[in-house]
file data-v1.cif (mmCIF, C-alpha atoms)
data_structure
#
loop_
_atom_site.label_atom_id
_atom_site.label_comp_id
_atom_site.auth_asym_id
_atom_site.auth_seq_id
_atom_site.Cartn_x
_atom_site.Cartn_y
_atom_site.Cartn_z
CA MET A 8 -36.25 6.62 -69.02
CA ASP A 9 -32.79 7.50 -70.43
CA SER A 10 -29.72 5.47 -69.53
CA VAL A 11 -28.31 8.10 -67.12
CA SER A 12 -31.54 8.34 -65.14
CA ALA A 13 -31.85 4.55 -65.14
CA GLY A 14 -28.30 4.29 -63.78
CA LEU A 15 -29.09 6.80 -61.05
CA MET A 16 -32.21 4.86 -60.05
CA LEU A 17 -30.08 1.72 -59.80
CA THR A 18 -27.58 3.59 -57.64
CA LEU A 19 -30.42 4.70 -55.36
CA LYS A 20 -31.52 1.09 -54.92
CA VAL A 21 -27.98 -0.12 -54.18
CA SER A 22 -27.55 2.68 -51.63
CA VAL A 23 -30.74 1.61 -49.88
CA TYR A 24 -29.49 -1.99 -49.75
CA ALA A 25 -26.19 -0.81 -48.25
CA LEU A 26 -27.97 1.25 -45.59
CA ILE A 27 -30.12 -1.71 -44.58
CA ILE A 28 -27.07 -3.96 -44.37
CA ALA A 29 -25.54 -1.39 -42.03
CA ILE A 30 -28.73 -1.44 -39.94
CA GLY A 31 -28.53 -5.24 -39.76
CA ILE A 32 -24.94 -5.08 -38.52
CA ASP A 33 -26.20 -3.33 -35.37
CA ALA A 34 -29.43 -5.33 -35.02
CA ARG A 35 -30.22 -8.11 -32.54
CA LEU A 36 -32.92 -10.78 -32.84
CA ALA A 37 -34.36 -9.76 -29.47
CA ASP A 38 -35.23 -6.34 -30.94
CA LEU A 39 -37.87 -7.90 -33.19
CA ALA A 40 -40.22 -8.85 -30.36
CA TYR A 41 -40.12 -5.48 -28.59
CA LEU A 42 -43.02 -3.86 -30.43
CA TRP A 43 -45.23 -6.96 -30.40
CA ARG A 44 -45.02 -7.12 -26.61
CA ARG A 45 -46.61 -3.66 -26.46
CA PRO A 46 -49.99 -3.99 -28.24
CA ALA A 47 -51.17 -0.41 -27.55
CA LEU A 48 -48.02 1.07 -29.09
CA LEU A 49 -48.20 -1.42 -31.97
CA LEU A 50 -51.83 -0.49 -32.70
CA ARG A 51 -51.12 3.24 -32.67
CA SER A 52 -48.10 2.75 -34.93
CA LEU A 53 -50.04 0.73 -37.49
CA LEU A 54 -53.01 3.10 -37.36
CA ALA A 55 -50.75 6.04 -38.17
CA MET A 56 -48.67 4.40 -40.91
CA TYR A 57 -51.25 2.24 -42.68
CA LEU A 58 -54.55 4.08 -42.31
CA LEU A 59 -54.17 7.76 -41.48
CA ILE A 60 -51.30 8.50 -43.88
CA PRO A 61 -53.04 7.06 -46.99
CA LEU A 62 -56.24 8.89 -46.00
CA LEU A 63 -54.19 12.07 -45.66
CA ALA A 64 -52.81 11.64 -49.18
CA LEU A 65 -56.30 11.07 -50.53
CA ALA A 66 -57.45 14.30 -48.89
CA VAL A 67 -54.49 16.28 -50.28
CA ALA A 68 -54.97 14.83 -53.78
CA LYS A 69 -58.69 15.56 -53.72
CA THR A 70 -58.20 19.11 -52.41
CA LEU A 71 -55.45 20.22 -54.81
CA THR A 72 -55.86 20.08 -58.57
CA LEU A 73 -52.68 18.30 -59.65
CA PRO A 74 -51.55 16.92 -63.02
CA ALA A 75 -52.17 13.19 -63.46
CA GLY A 76 -48.51 12.19 -62.98
CA ALA A 77 -48.22 14.29 -59.82
CA THR A 78 -51.37 12.76 -58.35
CA VAL A 79 -50.11 9.24 -59.04
CA ALA A 80 -46.73 10.07 -57.45
CA LEU A 81 -48.43 11.36 -54.29
CA LEU A 82 -50.60 8.26 -54.05
CA VAL A 83 -47.61 5.98 -54.66
CA LEU A 84 -45.88 7.62 -51.70
CA ALA A 85 -49.01 7.26 -49.57
CA VAL A 86 -49.32 3.51 -50.00
CA SER A 87 -45.58 2.83 -49.72
CA ALA A 88 -45.73 2.29 -45.98
CA GLY A 89 -42.67 1.01 -44.19
CA ALA A 90 -39.60 2.53 -42.62
CA PRO A 91 -36.50 0.61 -43.76
CA LEU A 92 -34.22 3.65 -43.36
CA LEU A 93 -35.62 4.72 -40.00
CA PRO A 94 -32.65 3.69 -37.83
CA ARG A 95 -30.32 5.78 -40.01
CA LYS A 96 -32.43 8.89 -39.42
CA LEU A 97 -32.67 8.27 -35.67
CA MET A 98 -29.07 7.55 -34.80
CA HIS A 99 -28.26 8.72 -31.25
CA ILE A 100 -31.91 9.39 -30.37
CA GLY A 101 -34.91 7.24 -29.52
CA ASP A 102 -35.49 3.72 -28.25
CA GLY A 103 -33.34 1.39 -30.37
CA ASP A 104 -35.57 -1.64 -29.76
CA TYR A 105 -38.72 0.21 -30.85
CA ILE A 106 -36.99 1.75 -33.88
CA PHE A 107 -35.73 -1.58 -35.17
CA GLY A 108 -38.97 -3.42 -34.36
CA LEU A 109 -40.99 -0.73 -36.15
CA SER A 110 -38.74 -0.90 -39.22
CA VAL A 111 -39.09 -4.67 -39.56
CA THR A 112 -42.79 -4.84 -38.68
CA SER A 113 -43.82 -2.02 -41.01
CA SER A 114 -41.84 -3.42 -43.94
CA LEU A 115 -43.24 -6.94 -43.58
CA LEU A 116 -46.86 -5.80 -43.18
CA ALA A 117 -46.49 -3.79 -46.39
CA ILE A 118 -46.78 -7.13 -48.23
CA VAL A 119 -50.50 -7.10 -47.40
CA THR A 120 -51.31 -3.41 -47.05
CA VAL A 121 -49.72 -2.07 -50.27
CA PRO A 122 -51.80 -4.15 -52.74
CA VAL A 123 -54.98 -3.34 -50.77
CA TRP A 124 -54.36 0.41 -50.83
CA VAL A 125 -53.29 0.32 -54.49
CA ALA A 126 -56.66 -1.25 -55.35
CA ILE A 127 -58.65 1.23 -53.22
CA ILE A 128 -56.81 4.36 -54.34
CA GLY A 129 -56.56 3.26 -57.97
CA GLU A 130 -60.34 2.87 -58.05
CA GLN A 131 -60.82 6.33 -56.51
CA PHE A 132 -58.77 7.99 -59.24
CA GLY A 133 -59.58 5.78 -62.18
CA ARG A 134 -56.11 4.22 -62.28
CA ASP A 135 -55.79 0.54 -63.13
CA ILE A 136 -52.58 -0.36 -61.31
CA GLU A 137 -52.40 -4.00 -60.37
CA LEU A 138 -49.85 -5.20 -57.87
CA ALA A 139 -49.94 -8.82 -56.78
CA PRO A 140 -49.10 -9.58 -53.13
CA MET A 141 -46.38 -12.00 -54.23
CA ARG A 142 -44.70 -9.27 -56.25
CA VAL A 143 -44.74 -6.96 -53.23
CA ALA A 144 -43.41 -9.81 -51.08
CA SER A 145 -40.60 -10.33 -53.56
CA VAL A 146 -39.63 -6.65 -53.38
CA ILE A 147 -39.75 -6.67 -49.55
CA VAL A 148 -37.56 -9.77 -49.40
CA SER A 149 -35.03 -8.49 -51.94
CA SER A 150 -34.92 -4.86 -50.79
CA PHE A 151 -35.24 -5.27 -47.02
CA VAL A 152 -35.26 -8.77 -45.52
CA ALA A 153 -32.30 -10.16 -47.49
CA PRO A 154 -29.91 -7.23 -46.88
CA LEU A 155 -31.06 -7.02 -43.25
CA VAL A 156 -30.28 -10.70 -42.62
CA ALA A 157 -26.99 -10.34 -44.50
CA GLY A 158 -26.10 -7.40 -42.27
CA MET A 159 -26.97 -9.32 -39.10
CA VAL A 160 -24.79 -12.25 -40.19
CA LEU A 161 -21.99 -9.88 -41.16
CA GLY A 162 -22.23 -8.15 -37.79
CA ARG A 163 -21.69 -11.43 -35.97
CA LEU A 164 -18.72 -12.29 -38.19
CA LEU A 165 -17.07 -8.88 -37.76
CA GLY A 166 -17.20 -9.06 -33.99
CA GLN A 167 -15.55 -6.07 -32.33
CA TYR A 168 -15.16 -4.27 -35.67
CA SER A 169 -18.88 -4.38 -36.49
CA ASP A 170 -19.80 -0.98 -35.00
CA ARG A 171 -17.03 0.87 -36.82
CA ILE A 172 -17.68 -0.80 -40.17
CA GLY A 173 -21.43 -0.32 -39.81
CA ASP A 174 -20.98 3.42 -39.14
CA VAL A 175 -18.70 3.85 -42.17
CA LEU A 176 -21.09 1.93 -44.41
CA MET A 177 -24.03 4.05 -43.22
CA SER A 178 -22.17 7.29 -43.85
CA VAL A 179 -20.95 6.36 -47.34
CA ALA A 180 -24.28 4.91 -48.44
CA GLY A 181 -26.14 7.94 -47.08
CA ILE A 182 -23.92 10.32 -49.05
CA VAL A 183 -24.30 8.28 -52.25
CA LEU A 184 -28.07 8.07 -51.79
CA SER A 185 -28.43 11.82 -51.30
CA GLY A 186 -26.07 12.66 -54.14
CA SER A 187 -27.74 10.31 -56.62
CA ALA A 188 -31.21 11.62 -55.79
CA LEU A 189 -29.98 15.19 -56.17
CA VAL A 190 -28.40 14.52 -59.59
CA LEU A 191 -31.51 12.65 -60.75
CA LEU A 192 -33.68 15.61 -59.83
CA GLY A 193 -31.26 18.06 -61.44
CA LEU A 194 -31.31 16.19 -64.75
CA ASN A 195 -35.10 15.92 -64.71
CA TRP A 196 -36.14 19.19 -63.10
CA HIS A 197 -38.46 19.89 -66.02
CA VAL A 198 -40.71 17.17 -64.59
CA PHE A 199 -41.35 19.37 -61.55
CA GLU A 200 -41.99 22.35 -63.80
CA ILE A 201 -44.67 20.32 -65.53
CA ALA A 202 -46.11 19.12 -62.21
CA GLY A 203 -46.32 22.72 -61.00
CA TRP A 204 -45.75 24.51 -57.71
CA LYS A 205 -48.87 22.95 -56.21
CA PHE A 206 -47.23 19.55 -56.27
CA ILE A 207 -44.14 20.82 -54.45
CA VAL A 208 -46.41 22.36 -51.82
CA ALA A 209 -48.36 19.09 -51.66
CA LEU A 210 -45.16 17.09 -51.00
CA VAL A 211 -44.10 19.36 -48.12
CA VAL A 212 -47.61 19.48 -46.64
CA PHE A 213 -47.91 15.71 -46.91
CA ALA A 214 -44.52 15.11 -45.25
CA ALA A 215 -45.17 17.62 -42.45
CA SER A 216 -48.69 16.31 -41.78
CA ALA A 217 -47.49 12.70 -41.77
CA LEU A 218 -44.77 13.62 -39.29
CA ALA A 219 -47.33 15.34 -37.06
CA ILE A 220 -49.63 12.30 -37.14
CA GLY A 221 -46.81 10.02 -36.04
CA HIS A 222 -45.71 12.42 -33.32
CA LEU A 223 -49.22 12.66 -31.87
CA LEU A 224 -49.84 8.90 -31.94
CA GLY A 225 -46.42 7.96 -30.60
CA GLY A 226 -47.68 7.89 -27.03
CA PRO A 227 -46.29 9.45 -23.87
CA ALA A 228 -42.69 8.33 -24.33
CA PRO A 229 -40.75 11.14 -26.11
CA GLN A 230 -38.46 8.67 -27.92
CA ASN A 231 -41.43 6.78 -29.37
CA ARG A 232 -43.04 10.02 -30.54
CA THR A 233 -39.86 10.89 -32.41
CA ALA A 234 -39.50 7.45 -33.98
CA LEU A 235 -43.09 7.19 -35.16
CA GLY A 236 -43.10 10.76 -36.42
CA VAL A 237 -40.09 10.16 -38.66
CA ALA A 238 -41.43 6.72 -39.66
CA CYS A 239 -44.66 8.27 -40.93
CA ALA A 240 -42.82 10.95 -42.89
CA THR A 241 -40.39 8.38 -44.34
CA ARG A 242 -41.84 6.13 -47.01
CA HIS A 243 -40.51 2.77 -48.22
CA VAL A 244 -38.13 3.68 -51.06
CA GLY A 245 -38.05 0.20 -52.58
CA ILE A 246 -41.83 -0.15 -52.79
CA ALA A 247 -42.27 3.42 -54.04
CA ILE A 248 -39.78 2.83 -56.87
CA LEU A 249 -41.54 -0.43 -57.81
CA LEU A 250 -44.93 1.27 -57.98
CA ALA A 251 -43.48 4.19 -59.93
CA SER A 252 -41.98 1.77 -62.46
CA LEU A 253 -45.49 0.50 -63.27
CA VAL A 254 -46.34 3.91 -64.75
CA PRO A 255 -44.82 4.51 -68.23
CA GLY A 256 -42.07 7.12 -68.44
CA PRO A 257 -39.72 8.59 -65.84
CA ARG A 258 -42.06 11.31 -64.52
CA VAL A 259 -43.55 9.48 -61.53
CA ALA A 260 -40.18 7.98 -60.51
CA VAL A 261 -38.56 11.44 -60.54
CA LEU A 262 -41.39 12.97 -58.52
CA VAL A 263 -41.12 10.15 -56.00
CA ALA A 264 -37.39 10.83 -55.71
CA GLY A 265 -38.24 14.45 -54.98
CA TYR A 266 -40.08 13.36 -51.86
CA PHE A 267 -36.75 12.23 -50.42
CA PHE A 268 -35.78 15.89 -50.08
CA ALA A 269 -39.24 17.04 -49.03
CA SER A 270 -39.16 14.59 -46.13
CA MET A 271 -35.66 15.79 -45.21
CA LEU A 272 -36.91 19.38 -45.26
CA VAL A 273 -39.39 18.64 -42.49
CA SER A 274 -37.67 15.82 -40.61
CA VAL A 275 -34.23 17.41 -40.12
CA PRO A 276 -35.53 20.45 -38.17
CA TYR A 277 -37.87 18.12 -36.28
CA LEU A 278 -35.02 15.82 -35.28
CA ARG A 279 -32.93 18.78 -34.11
CA TRP A 280 -35.82 19.94 -31.95
CA ARG A 281 -36.35 16.44 -30.55
CA ARG A 282 -32.65 16.11 -29.72
CA LYS A 283 -32.86 19.36 -27.75
CA VAL A 284 -35.91 18.01 -25.90
CA ASP A 285 -34.08 14.75 -25.23
CA ARG A 286 -31.06 16.59 -23.83
CA ARG A 287 -33.27 18.69 -21.56
CA LEU A 288 -35.00 15.59 -20.25
CA ASN A 289 -31.67 13.86 -19.60
CA THR A 290 -30.33 16.94 -17.82
CA SER A 291 -33.47 17.18 -15.68
CA ALA A 292 -33.30 13.48 -14.82
CA ALA A 293 -29.62 13.78 -13.85
CA ALA A 294 -30.43 16.77 -11.61
CA ASP A 295 -33.14 14.80 -9.82
#

call {"tool": "encode", "arguments": {"input": "data-v1.cif", "output": "structure tokens"}}
result
Amino acid sequence: MDSVSAGLMLTLKVSVYALIIAIGIDARLADLAYLWRRPALLLRSLLAMYLLIPLLALAVAKTLTLPAGATVALLVLAVSAGAPLLPRKLMHIGDGDYIFGLSVTSSLLAIVTVPVWVAIIGEQFGRDIELAPMRVASVIVSSFVAPLVAGMVLGRLLGQYSDRIGDVLMSVAGIVLSGSALVLLGLNWHVFEIAGWKFIVALVVFAASALAIGHLLGGPAPQNRTALGVACATRHVGIAILLASLVPGPRVAVLVAGYFFASMLVSVPYLRWRRKVDRRLNTSAAAD
């Protein structure tokens, strides 16, 4: 990977850290227990994120004839369960307690689930990619737990200014993240030309299908459907980058970065639709 692309990947990581710190600024310890007090919702959430989504990726990879690097990128995305950026995507919509609890729970459970799925999927496709649980744990701690705790501490120290500073940090980090990913893809667009149009279609189909799975398993509460839908379409950036770095060359890392925009392509219209539904429900409830 050339120095410019390496610098952009570092910028992506720093942007993710900043976003999670901003999430921590708004978080409360009581939010962590919300999901675990609702076992049916917890089970559906884990079933969608940790079982159905990887199986979906296997089906897509088996159905479409993709180049080796494109197949590995799709499978990397499939096993990178977790939703560390979920609260950013669901600002002003959804149940805040469920969103935060899902983000933390999914990221921590990835310590166990990612190595298991890497072993299963690697065997299916003849790929020898070893990933020790302790290495995954280290990535989770450094890319999610540490910045989250730092944000929570910072939020308490900032007091009345915490909301304003958290919003600014989220906005700036989000812009930097999007811009860096866009430049990275622009500099390495030839990678997508090599992967072919089938891979681009595969990314969009995978993102849309993952979103649909989460929506259907989110349960009767509209806010939970929205949160789980976006969680399933959003993969754990930190884990995905780690897995991509295990494959020589920049190709897989660039293709993984491309998923960032594929997920936006399907999740942004979905979120607009869900906001309209939410407003209609609120209007109906106010009328009653």

call {"tool": "atom_distance", "arguments": {"input": "data-v1.cif", "atom1": "CA of Val83 in chain A", "atom2": "CA of Val125 in chain A"}}
result
8.0 Å

call {"tool": "resolve_selection", "arguments": {"input": "data-v1.cif", "expression": "the PyMOL selection byres ((chain A and resi 52) around 12)", "output": "mmCIF file with C-alpha atoms, in the frame of the given file"}}
result
data_model
loop_
_atom_site.group_PDB
_atom_site.id
_atom_site.type_symbol
_atom_site.label_atom_id
_atom_site.label_comp_id
_atom_site.auth_asym_id
_atom_site.auth_seq_id
_atom_site.Cartn_x
_atom_site.Cartn_y
_atom_site.Cartn_z
ATOM 1 C CA LEU A 42 -43.020 -3.860 -30.430
ATOM 2 C CA TRP A 43 -45.230 -6.960 -30.400
ATOM 3 C CA ARG A 45 -46.610 -3.660 -26.460
ATOM 4 C CA PRO A 46 -49.990 -3.990 -28.240
ATOM 5 C CA ALA A 47 -51.170 -0.410 -27.550
ATOM 6 C CA LEU A 48 -48.020 1.070 -29.090
ATOM 7 C CA LEU A 49 -48.200 -1.420 -31.970
ATOM 8 C CA LEU A 50 -51.830 -0.490 -32.700
ATOM 9 C CA ARG A 51 -51.120 3.240 -32.670
ATOM 10 C CA LEU A 53 -50.040 0.730 -37.490
ATOM 11 C CA LEU A 54 -53.010 3.100 -37.360
ATOM 12 C CA ALA A 55 -50.750 6.040 -38.170
ATOM 13 C CA MET A 56 -48.670 4.400 -40.910
ATOM 14 C CA TYR A 57 -51.250 2.240 -42.680
ATOM 15 C CA LEU A 58 -54.550 4.080 -42.310
ATOM 16 C CA LEU A 59 -54.170 7.760 -41.480
ATOM 17 C CA ILE A 60 -51.300 8.500 -43.880
ATOM 18 C CA ALA A 88 -45.730 2.290 -45.980
ATOM 19 C CA GLY A 89 -42.670 1.010 -44.190
ATOM 20 C CA ALA A 90 -39.600 2.530 -42.620
ATOM 21 C CA TYR A 105 -38.720 0.210 -30.850
ATOM 22 C CA ILE A 106 -36.990 1.750 -33.880
ATOM 23 C CA GLY A 108 -38.970 -3.420 -34.360
ATOM 24 C CA LEU A 109 -40.990 -0.730 -36.150
ATOM 25 C CA SER A 110 -38.740 -0.900 -39.220
ATOM 26 C CA THR A 112 -42.790 -4.840 -38.680
ATOM 27 C CA SER A 113 -43.820 -2.020 -41.010
ATOM 28 C CA LEU A 116 -46.860 -5.800 -43.180
ATOM 29 C CA ILE A 220 -49.630 12.300 -37.140
ATOM 30 C CA GLY A 221 -46.810 10.020 -36.040
ATOM 31 C CA HIS A 222 -45.710 12.420 -33.320
ATOM 32 C CA LEU A 223 -49.220 12.660 -31.870
ATOM 33 C CA LEU A 224 -49.840 8.900 -31.940
ATOM 34 C CA GLY A 225 -46.420 7.960 -30.600
ATOM 35 C CA GLY A 226 -47.680 7.890 -27.030
ATOM 36 C CA ASN A 231 -41.430 6.780 -29.370
ATOM 37 C CA ARG A 232 -43.040 10.020 -30.540
ATOM 38 C CA THR A 233 -39.860 10.890 -32.410
ATOM 39 C CA ALA A 234 -39.500 7.450 -33.980
ATOM 40 C CA LEU A 235 -43.090 7.190 -35.160
ATOM 41 C CA GLY A 236 -43.100 10.760 -36.420
ATOM 42 C CA VAL A 237 -40.090 10.160 -38.660
ATOM 43 C CA ALA A 238 -41.430 6.720 -39.660
ATOM 44 C CA CYS A 239 -44.660 8.270 -40.930
#

call {"tool": "resolve_selection", "arguments": {"input": "data-v1.cif", "expression": "the PyMOL selection byres ((chain A and resi 155) around 12)", "output": "ChimeraX atom specification"}}
result
/A:23-36,91-92,107,110-111,114,147-154,156-162

call {"tool": "write_last_selection", "arguments": {"input": "data-v1.cif", "atoms": "C-alpha atoms", "output": "JSON list (two decimals), keeping the file's coordinate frame"}}
result
[["chain", "number", "residue", "atom", "x", "y", "z"],
["A", 23, "VAL", "CA", -30.74, 1.61, -49.88],
["A", 24, "TYR", "CA", -29.49, -1.99, -49.75],
["A", 25, "ALA", "CA", -26.19, -0.81, -48.25],
["A", 26, "LEU", "CA", -27.97, 1.25, -45.59],
["A", 27, "ILE", "CA", -30.12, -1.71, -44.58],
["A", 28, "ILE", "CA", -27.07, -3.96, -44.37],
["A", 29, "ALA", "CA", -25.54, -1.39, -42.03],
["A", 30, "ILE", "CA", -28.73, -1.44, -39.94],
["A", 31, "GLY", "CA", -28.53, -5.24, -39.76],
["A", 32, "ILE", "CA", -24.94, -5.08, -38.52],
["A", 33, "ASP", "CA", -26.20, -3.33, -35.37],
["A", 34, "ALA", "CA", -29.43, -5.33, -35.02],
["A", 35, "ARG", "CA", -30.22, -8.11, -32.54],
["A", 36, "LEU", "CA", -32.92, -10.78, -32.84],
["A", 91, "PRO", "CA", -36.50, 0.61, -43.76],
["A", 92, "LEU", "CA", -34.22, 3.65, -43.36],
["A", 107, "PHE", "CA", -35.73, -1.58, -35.17],
["A", 110, "SER", "CA", -38.74, -0.90, -39.22],
["A", 111, "VAL", "CA", -39.09, -4.67, -39.56],
["A", 114, "SER", "CA", -41.84, -3.42, -43.94],
["A", 147, "ILE", "CA", -39.75, -6.67, -49.55],
["A", 148, "VAL", "CA", -37.56, -9.77, -49.40],
["A", 149, "SER", "CA", -35.03, -8.49, -51.94],
["A", 150, "SER", "CA", -34.92, -4.86, -50.79],
["A", 151, "PHE", "CA", -35.24, -5.27, -47.02],
["A", 152, "VAL", "CA", -35.26, -8.77, -45.52],
["A", 153, "ALA", "CA", -32.30, -10.16, -47.49],
["A", 154, "PRO", "CA", -29.91, -7.23, -46.88],
["A", 156, "VAL", "CA", -30.28, -10.70, -42.62],
["A", 157, "ALA", "CA", -26.99, -10.34, -44.50],
["A", 158, "GLY", "CA", -26.10, -7.40, -42.27],
["A", 159, "MET", "CA", -26.97, -9.32, -39.10],
["A", 160, "VAL", "CA", -24.79, -12.25, -40.19],
["A", 161, "LEU", "CA", -21.99, -9.88, -41.16],
["A", 162, "GLY", "CA", -22.23, -8.15, -37.79]]

call {"tool": "closest_residue", "arguments": {"input": "data-v1.cif", "among": "A:Leu19, A:Leu164, A:Met271, A:Ala251", "to": "Leu218 in chain A", "atoms": "all atoms listed in the file"}}
result
A:Met271

call {"tool": "resolve_selection", "arguments": {"input": "data-v1.cif", "expression": "the PyMOL selection byres ((chain A and resi 124) around 10)", "output": "list in words"}}
result
Tyr57, Leu58, Pro61, Leu62, Leu82, Val83, Ala85, Val86, Ser87, Ala117, Val119, Thr120, Val121, Pro122, Val123, Val125, Ala126, Ile127, Ile128, Gly129 and Glu130 of chain A
